[in-house]
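Here's the structure we're looking at; comments come further down.
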Amino acid sequence: MIPFQKFCSLITLLALLPVGCTSEMDGSVTYLSTWGEQGNDAGQFNEPIGVALDGNGNVYISDAGNNRIQKFGPDGTFLMQWNSGSDEFDRPMHLAIDDNSRIYVPEYGADRISVFDTSGSFLFTFGKSGSEAGEFDSPAGVGFGTDGRIYVADFYNHRIEVFDSSGDFNSQFGSEGHDVGEFYYPTDVSIGSKGQVFVADAYNNRIQQFTDRASPQVWGQKGGDAGEFEVADAIEQGPDGRLFIADFENSRIQVFEENGKYLYAFGSQDMGENKLDRPTDVAVSTDGYIYVVDFGNNRILQYRLN
């Protein structure tokens, strides 16, 4: 059994799992560039976790070990950084940007969601520590419904919480477990083009898709073969509906159709120019550019869909 403790880093937990076999890069993507290295200067990273894109293609990275957000141009040019809102960040996680260009930052150590505009100006925050409705125990990921509702992966509470656009609690679903409809440390949530709720059920090594909460679809299991996961850490839907999953310990990105059909994977564990080492997040632009957070190498990799 893995000893989960409240103030243990999520990445410390991830590192406890064994490394599985990996996949080589598929011809469906082309590697373009890399930027970043370990450090705390502008453009450097210390345990980067999340990535999100705004409408202009700018790239936002949650630099968790440095407790800051960094903003880059689409080509990796450093633009700005910020590290405070209502208070100092405490391990910012998977980022998300809504249709109003507001950046949502789940804070793993502070049990809250902090919200900013694209210039880094603080707007508001919601949530507090706890397990009651509207409270968090290490929120990890955020997704947005077409109706404006906000979905939050509440990591240690093993559930998804739903809020309105102002951050007021609406509903919740899920509980700790391994059966269909239950979660075991969920890390991310994404809302599909048809309103489906996709949950990265990380330590169950699977994805769950909810269109009717009474009968979710599940795919994936623990392993290193095609369609299997060693910690399904993040999920992103591309502009054509395909789903991109950060398969942390297998050091790859796996790509699926909306119905869970496996398509291909890219990346493998290596320090080379276009290889990944424990990716934590992925974002896909409307024009087909892919940005991957390469946690193990403290850098960002850019690819293009072919």
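Each chain in the structure tokens gets a letter, A, B and so on, in the order shown; residues start at 1 in every chain, and ligands are counted from 1 in the order they appear.
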
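Residue neighbourhood of Phe122 in chain A, excluding near-sequence residues (fewer than 2 positions): Trp82, Asn83, Ser84, Gly85, Ser86, Asp87, Glu88, Phe89, Arg102, Ile103, Tyr104, Val105, Ile113, Ser114, Val115, Phe116, Asp117, Thr118, Ser119, Gly120, Phe124 and Thr125 of chain A, at 12 Å, using only C-alpha atoms.
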
Go ahead and write the residues just picked, N, CA and C atoms, as a CSV table (one decimal), in the first residue's frame.
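Output (again-v3.csv):
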```
chain,number,residue,atom,x,y,z
A,82,TRP,N,4.2,35.3,-12.6
A,82,TRP,CA,3.7,35.8,-11.4
A,82,TRP,C,3.6,34.7,-10.4
A,83,ASN,N,3.6,35.1,-9.1
A,83,ASN,CA,3.7,34.1,-8.0
A,83,ASN,C,2.8,34.5,-6.8
A,84,SER,N,1.8,35.3,-7.0
A,84,SER,CA,1.0,35.6,-5.9
A,84,SER,C,-0.4,36.0,-6.4
A,85,GLY,N,-1.4,35.8,-5.5
A,85,GLY,CA,-2.8,36.2,-5.8
A,85,GLY,C,-3.4,36.7,-4.5
A,86,SER,N,-4.3,36.0,-3.9
A,86,SER,CA,-4.8,36.3,-2.6
A,86,SER,C,-3.7,36.0,-1.6
A,87,ASP,N,-2.8,35.2,-1.9
A,87,ASP,CA,-1.6,34.8,-1.1
A,87,ASP,C,-0.6,34.1,-2.0
A,88,GLU,N,0.5,33.7,-1.5
A,88,GLU,CA,1.5,33.1,-2.3
A,88,GLU,C,1.0,31.7,-2.7
A,89,PHE,N,1.4,31.3,-3.9
A,89,PHE,CA,1.0,30.0,-4.4
A,89,PHE,C,1.6,28.9,-3.5
A,102,ARG,N,-10.0,33.5,-18.5
A,102,ARG,CA,-9.6,33.5,-17.1
A,102,ARG,C,-8.9,32.2,-16.8
A,103,ILE,N,-7.7,32.3,-16.1
A,103,ILE,CA,-6.8,31.2,-15.8
A,103,ILE,C,-7.1,30.7,-14.4
A,104,TYR,N,-7.5,29.4,-14.4
A,104,TYR,CA,-7.8,28.7,-13.1
A,104,TYR,C,-6.6,27.9,-12.6
A,105,VAL,N,-6.2,28.2,-11.4
A,105,VAL,CA,-5.0,27.5,-10.9
A,105,VAL,C,-5.4,26.7,-9.6
A,113,ILE,N,-8.9,27.1,-5.5
A,113,ILE,CA,-8.7,27.5,-6.9
A,113,ILE,C,-8.5,29.0,-6.9
A,114,SER,N,-7.4,29.4,-7.5
A,114,SER,CA,-7.1,30.9,-7.7
A,114,SER,C,-7.3,31.2,-9.1
A,115,VAL,N,-7.9,32.3,-9.4
A,115,VAL,CA,-8.3,32.7,-10.8
A,115,VAL,C,-7.7,34.1,-11.1
A,116,PHE,N,-7.1,34.1,-12.4
A,116,PHE,CA,-6.4,35.3,-12.9
A,116,PHE,C,-6.8,35.6,-14.3
A,117,ASP,N,-6.5,36.8,-14.7
A,117,ASP,CA,-6.6,37.1,-16.1
A,117,ASP,C,-5.3,36.8,-16.8
A,118,THR,N,-5.2,37.0,-18.1
A,118,THR,CA,-4.0,36.6,-18.9
A,118,THR,C,-2.8,37.5,-18.6
A,119,SER,N,-3.0,38.6,-17.9
A,119,SER,CA,-1.8,39.4,-17.6
A,119,SER,C,-1.4,39.1,-16.1
A,120,GLY,N,-2.0,38.1,-15.5
A,120,GLY,CA,-1.6,37.7,-14.2
A,120,GLY,C,-2.2,38.4,-13.1
A,124,PHE,N,-10.2,36.2,-8.3
A,124,PHE,CA,-10.9,35.7,-7.2
A,124,PHE,C,-10.4,34.3,-6.9
A,125,THR,N,-10.8,33.8,-5.7
A,125,THR,CA,-10.5,32.4,-5.3
A,125,THR,C,-11.7,31.8,-4.7
```

Which residues of range 77-134 of chain A have any atom within 12 Å of an atom in range 40-56 of chain A when counting only C-alpha atoms, and what is the closest pair of atoms for each, with the distance in Å to one decimal? Order the rows by chain and rising number and write it as a tab-separated table.
```
residue	atom	partner	partner_atom	distance
A:Thr77	CA	A:Gly43	CA	8.3
A:Phe78	CA	A:Gly43	CA	5.9
A:Leu79	CA	A:Gly43	CA	8.9
A:Met80	CA	A:Ala42	CA	8.0
A:Gln81	CA	A:Ala42	CA	7.6
A:Trp82	CA	A:Ala42	CA	10.5
A:Arg91	CA	A:Ile49	CA	9.0
A:Pro92	CA	A:Ile49	CA	7.7
A:Met93	CA	A:Gly50	CA	5.6
A:His94	CA	A:Gly50	CA	4.0
A:Leu95	CA	A:Gly50	CA	5.3
A:Ala96	CA	A:Ala52	CA	5.6
A:Ile97	CA	A:Ala52	CA	6.5
A:Asp98	CA	A:Asp54	CA	8.6
A:Asp99	CA	A:Gly55	CA	8.6
A:Asn100	CA	A:Gly55	CA	9.6
A:Ser101	CA	A:Asp54	CA	6.5
A:Arg102	CA	A:Asp54	CA	8.9
A:Ile103	CA	A:Ala52	CA	8.4
A:Tyr104	CA	A:Ala52	CA	9.6
A:Val105	CA	A:Gly50	CA	9.2
A:Pro106	CA	A:Gly50	CA	9.8
A:Glu107	CA	A:Gly50	CA	11.3
A:Tyr108	CA	A:Ile49	CA	11.0
A:Asp117	CA	A:Asp54	CA	10.3
A:Thr118	CA	A:Asp54	CA	7.8
A:Ser119	CA	A:Asp54	CA	11.2
```

**Prompt:** Which neighbours of Asn259 in chain A fall inside 12 Å, counting only C-alpha atoms, when residues of the same chain fewer than 3 positions from it are skipped, and could you give them as an MDAnalysis selection string?
**Reply:** chainID A and resid 192 194 196 198 207:211 216:219 241:243 255:256 262:263

Just to be explicit: take each residue in the selection above, keep C-alpha atoms, and write the result as a tab-separated table (two decimals), in the first residue's frame.
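Generated output (selection.tsv):
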```tsv
chain	number	residue	atom	x	y	z
A	192	GLY	CA	-15.84	16.76	-24.16
A	194	LYS	CA	-20.69	16.54	-26.49
A	196	GLN	CA	-19.02	14.15	-21.66
A	198	PHE	CA	-13.64	12.67	-18.80
A	207	ILE	CA	-10.00	7.05	-17.80
A	208	GLN	CA	-13.66	7.28	-16.90
A	209	GLN	CA	-16.16	8.95	-19.21
A	210	PHE	CA	-19.46	10.15	-17.78
A	211	THR	CA	-22.40	10.97	-20.02
A	216	PRO	CA	-19.82	5.64	-17.00
A	217	GLN	CA	-17.56	4.16	-19.67
A	218	VAL	CA	-14.13	3.04	-18.47
A	219	TRP	CA	-10.96	2.26	-20.38
A	241	GLY	CA	-12.17	15.45	-30.61
A	242	ARG	CA	-9.22	13.15	-29.98
A	243	LEU	CA	-8.14	12.70	-26.36
A	255	VAL	CA	-4.07	9.38	-27.99
A	256	PHE	CA	-7.61	7.99	-28.16
A	262	TYR	CA	-6.64	3.61	-28.85
A	263	LEU	CA	-4.97	5.43	-31.77
```

**Item:** 10 Å contact set for Asn205 in chain A, only C-alpha atoms, chain neighbours under 2 positions out, as a ChimeraX atom specification
**Value:** /A:184,186,200-203,207,219-223,228-233,247

Could you dump the residues just selected with all heavy atoms as a compact mmCIF listing (two decimals), in the first residue's frame?
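What ended up in part-v8.txt:
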```
# COMPACT_ATOMS: atom_id res chain seq x y z
N TYR A 184 -9.76 6.77 -7.51
CA TYR A 184 -8.64 6.56 -6.62
C TYR A 184 -7.58 7.60 -6.96
O TYR A 184 -6.75 7.43 -7.82
CB TYR A 184 -8.09 5.14 -6.79
CG TYR A 184 -7.23 4.67 -5.64
CD1 TYR A 184 -7.69 4.73 -4.33
CD2 TYR A 184 -5.96 4.16 -5.87
CE1 TYR A 184 -6.90 4.30 -3.26
CE2 TYR A 184 -5.16 3.72 -4.81
CZ TYR A 184 -5.64 3.78 -3.52
OH TYR A 184 -4.86 3.36 -2.46
N PRO A 186 -8.05 11.03 -8.27
CA PRO A 186 -8.20 11.65 -9.60
C PRO A 186 -7.35 12.92 -9.69
O PRO A 186 -7.27 13.70 -8.74
CB PRO A 186 -9.69 11.97 -9.69
CG PRO A 186 -10.10 12.17 -8.25
CD PRO A 186 -9.27 11.19 -7.46
N ALA A 200 -9.36 11.76 -15.39
CA ALA A 200 -8.11 11.03 -15.28
C ALA A 200 -8.06 10.41 -13.89
O ALA A 200 -7.69 11.07 -12.91
CB ALA A 200 -6.92 11.96 -15.52
N ASP A 201 -8.47 9.16 -13.82
CA ASP A 201 -8.56 8.42 -12.55
C ASP A 201 -7.18 7.82 -12.30
O ASP A 201 -6.94 6.63 -12.50
CB ASP A 201 -9.64 7.34 -12.70
CG ASP A 201 -10.01 6.67 -11.40
OD1 ASP A 201 -9.52 7.11 -10.34
OD2 ASP A 201 -10.78 5.69 -11.44
N ALA A 202 -6.28 8.66 -11.81
CA ALA A 202 -4.83 8.43 -11.91
C ALA A 202 -4.37 7.10 -11.35
O ALA A 202 -3.71 6.31 -12.03
CB ALA A 202 -4.08 9.58 -11.25
N TYR A 203 -4.68 6.83 -10.09
CA TYR A 203 -4.12 5.65 -9.45
C TYR A 203 -4.96 4.40 -9.67
O TYR A 203 -4.55 3.30 -9.27
CB TYR A 203 -3.87 5.93 -7.97
CG TYR A 203 -2.69 6.84 -7.77
CD1 TYR A 203 -2.85 8.22 -7.76
CD2 TYR A 203 -1.40 6.33 -7.66
CE1 TYR A 203 -1.76 9.06 -7.62
CE2 TYR A 203 -0.30 7.16 -7.52
CZ TYR A 203 -0.49 8.53 -7.50
OH TYR A 203 0.60 9.36 -7.37
N ILE A 207 -9.17 5.88 -17.51
CA ILE A 207 -10.00 7.05 -17.80
C ILE A 207 -11.45 6.64 -17.61
O ILE A 207 -11.86 5.55 -18.03
CB ILE A 207 -9.77 7.53 -19.25
CG1 ILE A 207 -8.30 7.88 -19.48
CG2 ILE A 207 -10.68 8.73 -19.55
CD1 ILE A 207 -7.75 8.99 -18.62
N TRP A 219 -11.99 2.96 -19.62
CA TRP A 219 -10.96 2.26 -20.38
C TRP A 219 -9.59 2.47 -19.75
O TRP A 219 -9.35 3.46 -19.10
CB TRP A 219 -10.98 2.66 -21.86
CG TRP A 219 -10.44 4.00 -22.22
CD1 TRP A 219 -9.15 4.35 -22.49
CD2 TRP A 219 -11.19 5.21 -22.40
NE1 TRP A 219 -9.05 5.67 -22.82
CE2 TRP A 219 -10.29 6.23 -22.78
CE3 TRP A 219 -12.55 5.53 -22.28
CZ2 TRP A 219 -10.69 7.53 -23.03
CZ3 TRP A 219 -12.96 6.82 -22.54
CH2 TRP A 219 -12.03 7.81 -22.90
N GLY A 220 -8.75 1.46 -19.97
CA GLY A 220 -7.40 1.48 -19.41
C GLY A 220 -7.27 0.57 -18.20
O GLY A 220 -8.24 0.26 -17.51
N GLN A 221 -6.05 0.12 -17.96
CA GLN A 221 -5.69 -0.64 -16.78
C GLN A 221 -4.19 -0.46 -16.56
O GLN A 221 -3.50 0.11 -17.40
CB GLN A 221 -6.02 -2.12 -16.97
CG GLN A 221 -5.27 -2.77 -18.12
CD GLN A 221 -5.65 -4.23 -18.31
OE1 GLN A 221 -6.57 -4.74 -17.69
NE2 GLN A 221 -4.92 -4.92 -19.18
N LYS A 222 -3.69 -0.96 -15.44
CA LYS A 222 -2.29 -0.80 -15.12
C LYS A 222 -1.43 -1.62 -16.08
O LYS A 222 -1.67 -2.80 -16.30
CB LYS A 222 -2.02 -1.24 -13.68
CG LYS A 222 -0.59 -1.02 -13.20
CD LYS A 222 -0.46 -1.47 -11.75
CE LYS A 222 0.96 -1.34 -11.24
NZ LYS A 222 1.41 0.06 -11.18
N GLY A 223 -0.42 -0.98 -16.68
CA GLY A 223 0.47 -1.67 -17.59
C GLY A 223 1.17 -0.72 -18.53
O GLY A 223 0.96 0.49 -18.48
N GLU A 228 -2.86 0.99 -22.05
CA GLU A 228 -2.71 0.81 -20.61
C GLU A 228 -1.96 2.02 -20.02
O GLU A 228 -1.33 2.78 -20.75
CB GLU A 228 -1.94 -0.48 -20.32
CG GLU A 228 -2.67 -1.73 -20.78
CD GLU A 228 -1.89 -3.00 -20.52
OE1 GLU A 228 -0.65 -2.92 -20.35
OE2 GLU A 228 -2.51 -4.08 -20.49
N PHE A 229 -2.05 2.17 -18.70
CA PHE A 229 -1.46 3.34 -18.05
C PHE A 229 -0.67 2.95 -16.81
O PHE A 229 -1.00 1.98 -16.13
CB PHE A 229 -2.55 4.33 -17.63
CG PHE A 229 -3.42 4.82 -18.75
CD1 PHE A 229 -4.71 4.33 -18.91
CD2 PHE A 229 -2.97 5.77 -19.64
CE1 PHE A 229 -5.52 4.78 -19.93
CE2 PHE A 229 -3.76 6.23 -20.67
CZ PHE A 229 -5.05 5.73 -20.82
N GLU A 230 0.33 3.76 -16.53
CA GLU A 230 1.02 3.77 -15.24
C GLU A 230 0.88 5.19 -14.69
O GLU A 230 1.76 6.02 -14.82
CB GLU A 230 2.49 3.39 -15.40
CG GLU A 230 2.73 1.93 -15.71
CD GLU A 230 2.77 1.05 -14.47
OE1 GLU A 230 2.51 1.58 -13.37
OE2 GLU A 230 3.04 -0.15 -14.61
N VAL A 231 -0.27 5.46 -14.14
CA VAL A 231 -0.73 6.76 -13.64
C VAL A 231 -1.21 7.63 -14.82
O VAL A 231 -0.43 8.27 -15.51
CB VAL A 231 0.33 7.51 -12.83
CG1 VAL A 231 -0.29 8.80 -12.25
CG2 VAL A 231 0.87 6.65 -11.70
N ALA A 232 -2.51 7.63 -15.03
CA ALA A 232 -3.14 8.49 -16.04
C ALA A 232 -3.28 9.87 -15.43
O ALA A 232 -4.24 10.16 -14.71
CB ALA A 232 -4.51 7.92 -16.44
N ASP A 233 -2.32 10.75 -15.71
CA ASP A 233 -2.15 11.97 -14.92
C ASP A 233 -2.92 13.18 -15.44
O ASP A 233 -3.26 14.06 -14.67
CB ASP A 233 -0.65 12.30 -14.84
CG ASP A 233 -0.36 13.34 -13.79
OD1 ASP A 233 -0.87 13.20 -12.66
OD2 ASP A 233 0.35 14.31 -14.08
N ASP A 247 0.56 9.83 -19.75
CA ASP A 247 0.78 8.52 -19.11
C ASP A 247 2.11 8.63 -18.36
O ASP A 247 3.17 8.32 -18.90
CB ASP A 247 0.81 7.45 -20.20
CG ASP A 247 0.86 6.04 -19.67
OD1 ASP A 247 0.75 5.85 -18.44
OD2 ASP A 247 1.01 5.11 -20.48
```

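With only C-alpha atoms as the atoms that count, the residue of A:Ser285, A:Asn274, A:Asn66, A:Ser129 with the shortest distance to Leu301 in chain A is A:Asn274.
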
**Request:** Kindly indicate which residue among A:Ala283, A:Val197, A:Ala153, A:Ile235 lies nearest to Asp137 in chain A, using only C-alpha atoms for the distances.
**Result:**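 Closest candidate: A:Ala153.
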
**Message:** Report, in Å with one decimal, the straight-line distance from CA of Asn67 in chain A to CA of Ser268 in chain A.
**Reply:** 27.5 Å

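Closest approach to Leu276 in chain A among A:Gly145, A:Thr34, A:Ser190, A:Asp240: A:Thr34, based on only C-alpha atoms.
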
**Asked** What does the distance between CA of Ser28 in chain A and CA of Tyr291 in chain A come to in Å, to one decimal place?
**Response** 14.8 Å

**Request:** Would you please work out which residue, of A:Ala64, A:Ile300, A:Ile290, A:Val189, is nearest to Arg278 in chain A when using only C-alpha atoms?
**Result:** A:Ile300
